[in-house]
Structure formats: structure tokens, C-alpha cells
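Novice: Questions regarding the structure given below will be posed in turn.
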Amino acid sequence: MTKSATASLVMGILVSMTFMSIALYFLFFTERVPLVANENIRLYAFLTGSYGIWRFIRVFAVWKEAQKNI
């Protein structure tokens, strides 16, 4: 695996973990948010977490494909 491919893999994992961390923060640490916006925040957290999970799966799939091509 080349340096650029390794850097791309690491950056992809960092981005996915960042999105999942943001989602967890919105789910568990937003008690100061008004109750009216609580459902919208929860939806945003689920969407953000879903993107983080999808991104992680995509990075893993690309990494597996690169391993096959070596």
C-alpha cells in the first residue's frame, strides 16, 4: 500500500469517527436544548451517525479492494 493510499485510509477513518462522535454528542449531551427542538436534534444525530457508519464501511470496502489488487 502506498503512502497516499495509507493517508487516504487514515483520513477516511478519522472523518467517519468524527461524524459518529458528533452524533453521539448530540444524542447524549444536549439536555440544555429546548424540548421543541429535541426531536429535530435526535433526527440530525441519527443522520450524522448513519453517514459516519456508511463512510467507515466505504473506507473498509475500498481498503479491501486495494488489498486484492496488490
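FYI, nothing fancy with the C-alpha cells labels: chains A, B, ... in order, residues from 1 per chain, ligands from 1 as they appear.
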For segment 43-48 of chain A, please output as a list in words all residues within 8 Å (counting only C-alpha atoms; exclusion window: fewer than 4 positions along the same chain).
Specialist: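 Residues meeting the cut-off are Phe19, Met20, Ile22, Ala23, Leu24, Phe26, Leu27, Glu39 and Gly52 of chain A.
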Novice: Any chance you can output those residues with N, CA and C atoms as a PDB file, in the first residue's frame?
Specialist:
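The resulting file, out_0.pdb, is reproduced below:
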ATOM      1  N   PHE A  19     -17.762  12.034  12.515  1.00  0.00           N
ATOM      2  CA  PHE A  19     -19.208  12.099  12.347  1.00  0.00           C
ATOM      3  C   PHE A  19     -19.934  11.257  13.393  1.00  0.00           C
ATOM      4  N   MET A  20     -19.401  10.094  13.720  1.00  0.00           N
ATOM      5  CA  MET A  20     -20.032   9.269  14.751  1.00  0.00           C
ATOM      6  C   MET A  20     -19.921   9.930  16.129  1.00  0.00           C
ATOM      7  N   ILE A  22     -19.805  13.217  16.711  1.00  0.00           N
ATOM      8  CA  ILE A  22     -20.773  14.316  16.708  1.00  0.00           C
ATOM      9  C   ILE A  22     -22.171  13.783  16.971  1.00  0.00           C
ATOM     10  N   ALA A  23     -22.508  12.664  16.340  1.00  0.00           N
ATOM     11  CA  ALA A  23     -23.825  12.067  16.539  1.00  0.00           C
ATOM     12  C   ALA A  23     -24.025  11.643  17.991  1.00  0.00           C
ATOM     13  N   LEU A  24     -23.022  11.012  18.581  1.00  0.00           N
ATOM     14  CA  LEU A  24     -23.138  10.601  19.983  1.00  0.00           C
ATOM     15  C   LEU A  24     -23.252  11.803  20.907  1.00  0.00           C
ATOM     16  N   PHE A  26     -24.628  14.692  20.161  1.00  0.00           N
ATOM     17  CA  PHE A  26     -25.990  15.213  20.035  1.00  0.00           C
ATOM     18  C   PHE A  26     -27.013  14.321  20.718  1.00  0.00           C
ATOM     19  N   LEU A  27     -26.771  13.030  20.741  1.00  0.00           N
ATOM     20  CA  LEU A  27     -27.718  12.119  21.390  1.00  0.00           C
ATOM     21  C   LEU A  27     -27.673  12.196  22.914  1.00  0.00           C
ATOM     22  N   GLU A  39     -36.566  16.601  19.169  1.00  0.00           N
ATOM     23  CA  GLU A  39     -36.781  15.580  18.133  1.00  0.00           C
ATOM     24  C   GLU A  39     -35.958  15.874  16.877  1.00  0.00           C
ATOM     25  N   GLY A  52     -21.558   8.608   9.196  1.00  0.00           N
ATOM     26  CA  GLY A  52     -20.285   8.139   9.736  1.00  0.00           C
ATOM     27  C   GLY A  52     -20.108   6.639   9.569  1.00  0.00           C
TER      28      GLY A  52
END
Novice: Counting only C-alpha atoms, figure out which residue out of A:Ser16, A:Ile53, A:Ile41, A:Phe60 gets nearest to Phe28 of chain A.
Specialist: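 Of the candidates, the smallest distance to Phe28 of chain A is held by A:Ile41.
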Novice: Given only C-alpha atoms as the basis, pick out the residue of A:Ala61, A:Val36, A:Val15, A:Ala7 nearest to Gly49 of chain A.
Specialist: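 For Gly49 of chain A, the nearest of the candidates is A:Val15.
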Novice: Find the spatial neighbours of Ala5 of chain A, counting only C-alpha atoms, within a cut-off of 12 Å - ignore same-chain residues fewer than 3 positions away - and output them as a PDB file with N, CA and C atoms, in the first residue's frame.
Specialist:
ATOM      1  N   MET A   1       0.840  -1.168   0.000  1.00  0.00           N
ATOM      2  CA  MET A   1       0.000   0.000   0.000  1.00  0.00           C
ATOM      3  C   MET A   1       0.895   1.243   0.000  1.00  0.00           C
ATOM      4  N   THR A   2       0.582   2.198  -0.853  1.00  0.00           N
ATOM      5  CA  THR A   2       1.400   3.396  -0.972  1.00  0.00           C
ATOM      6  C   THR A   2       1.101   4.373   0.153  1.00  0.00           C
ATOM      7  N   SER A   8      -5.022   8.273   2.799  1.00  0.00           N
ATOM      8  CA  SER A   8      -6.442   8.316   2.464  1.00  0.00           C
ATOM      9  C   SER A   8      -7.255   7.418   3.397  1.00  0.00           C
ATOM     10  N   LEU A   9      -6.724   6.250   3.704  1.00  0.00           N
ATOM     11  CA  LEU A   9      -7.389   5.332   4.625  1.00  0.00           C
ATOM     12  C   LEU A   9      -7.516   5.947   6.013  1.00  0.00           C
ATOM     13  N   VAL A  10      -6.437   6.514   6.504  1.00  0.00           N
ATOM     14  CA  VAL A  10      -6.447   7.122   7.840  1.00  0.00           C
ATOM     15  C   VAL A  10      -7.404   8.309   7.882  1.00  0.00           C
ATOM     16  N   MET A  11      -7.378   9.154   6.866  1.00  0.00           N
ATOM     17  CA  MET A  11      -8.270  10.314   6.833  1.00  0.00           C
ATOM     18  C   MET A  11      -9.736   9.880   6.751  1.00  0.00           C
ATOM     19  N   GLY A  12     -10.010   8.848   5.973  1.00  0.00           N
ATOM     20  CA  GLY A  12     -11.378   8.342   5.879  1.00  0.00           C
ATOM     21  C   GLY A  12     -11.880   7.819   7.208  1.00  0.00           C
ATOM     22  N   VAL A  59     -14.850   3.125   3.411  1.00  0.00           N
ATOM     23  CA  VAL A  59     -13.387   3.133   3.531  1.00  0.00           C
ATOM     24  C   VAL A  59     -12.874   1.703   3.652  1.00  0.00           C
ATOM     25  N   VAL A  62     -13.103  -0.042   0.205  1.00  0.00           N
ATOM     26  CA  VAL A  62     -12.050   0.427  -0.696  1.00  0.00           C
ATOM     27  C   VAL A  62     -10.710  -0.169  -0.277  1.00  0.00           C
ATOM     28  N   TRP A  63     -10.449  -0.255   1.029  1.00  0.00           N
ATOM     29  CA  TRP A  63      -9.214  -0.847   1.517  1.00  0.00           C
ATOM     30  C   TRP A  63      -9.126  -2.327   1.137  1.00  0.00           C
ATOM     31  N   LYS A  64     -10.237  -3.068   1.289  1.00  0.00           N
ATOM     32  CA  LYS A  64     -10.245  -4.479   0.913  1.00  0.00           C
ATOM     33  C   LYS A  64     -10.001  -4.652  -0.579  1.00  0.00           C
ATOM     34  N   GLU A  65     -10.575  -3.789  -1.393  1.00  0.00           N
ATOM     35  CA  GLU A  65     -10.375  -3.849  -2.841  1.00  0.00           C
ATOM     36  C   GLU A  65      -8.920  -3.545  -3.187  1.00  0.00           C
ATOM     37  N   ALA A  66      -8.318  -2.601  -2.487  1.00  0.00           N
ATOM     38  CA  ALA A  66      -6.906  -2.299  -2.746  1.00  0.00           C
ATOM     39  C   ALA A  66      -6.015  -3.459  -2.339  1.00  0.00           C
ATOM     40  N   GLN A  67      -6.389  -4.177  -1.308  1.00  0.00           N
ATOM     41  CA  GLN A  67      -5.622  -5.342  -0.883  1.00  0.00           C
ATOM     42  C   GLN A  67      -5.687  -6.456  -1.933  1.00  0.00           C
TER      43      GLN A  67
END
Novice: From the options A:Asn69, A:Thr18, A:Asn38, A:Thr30, which residue's atoms come nearest to Phe56 of chain A, counting only C-alpha atoms?
Specialist: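 Checking each candidate against Phe56 of chain A, we get A:Thr18 as the closest.
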Novice: Determine the nearest neighbour of Arg42 of chain A from the options A:Lys68, A:Arg58, A:Tyr25, A:Thr6, counting only C-alpha atoms.
Specialist: A:Tyr25
Novice: Pick out each residue of segment 29-62 of chain A that DSSP on the backbone tags as alpha helix (DSSP H); I need them as a PyMOL selection string.
Specialist: chain A and resi 35-62
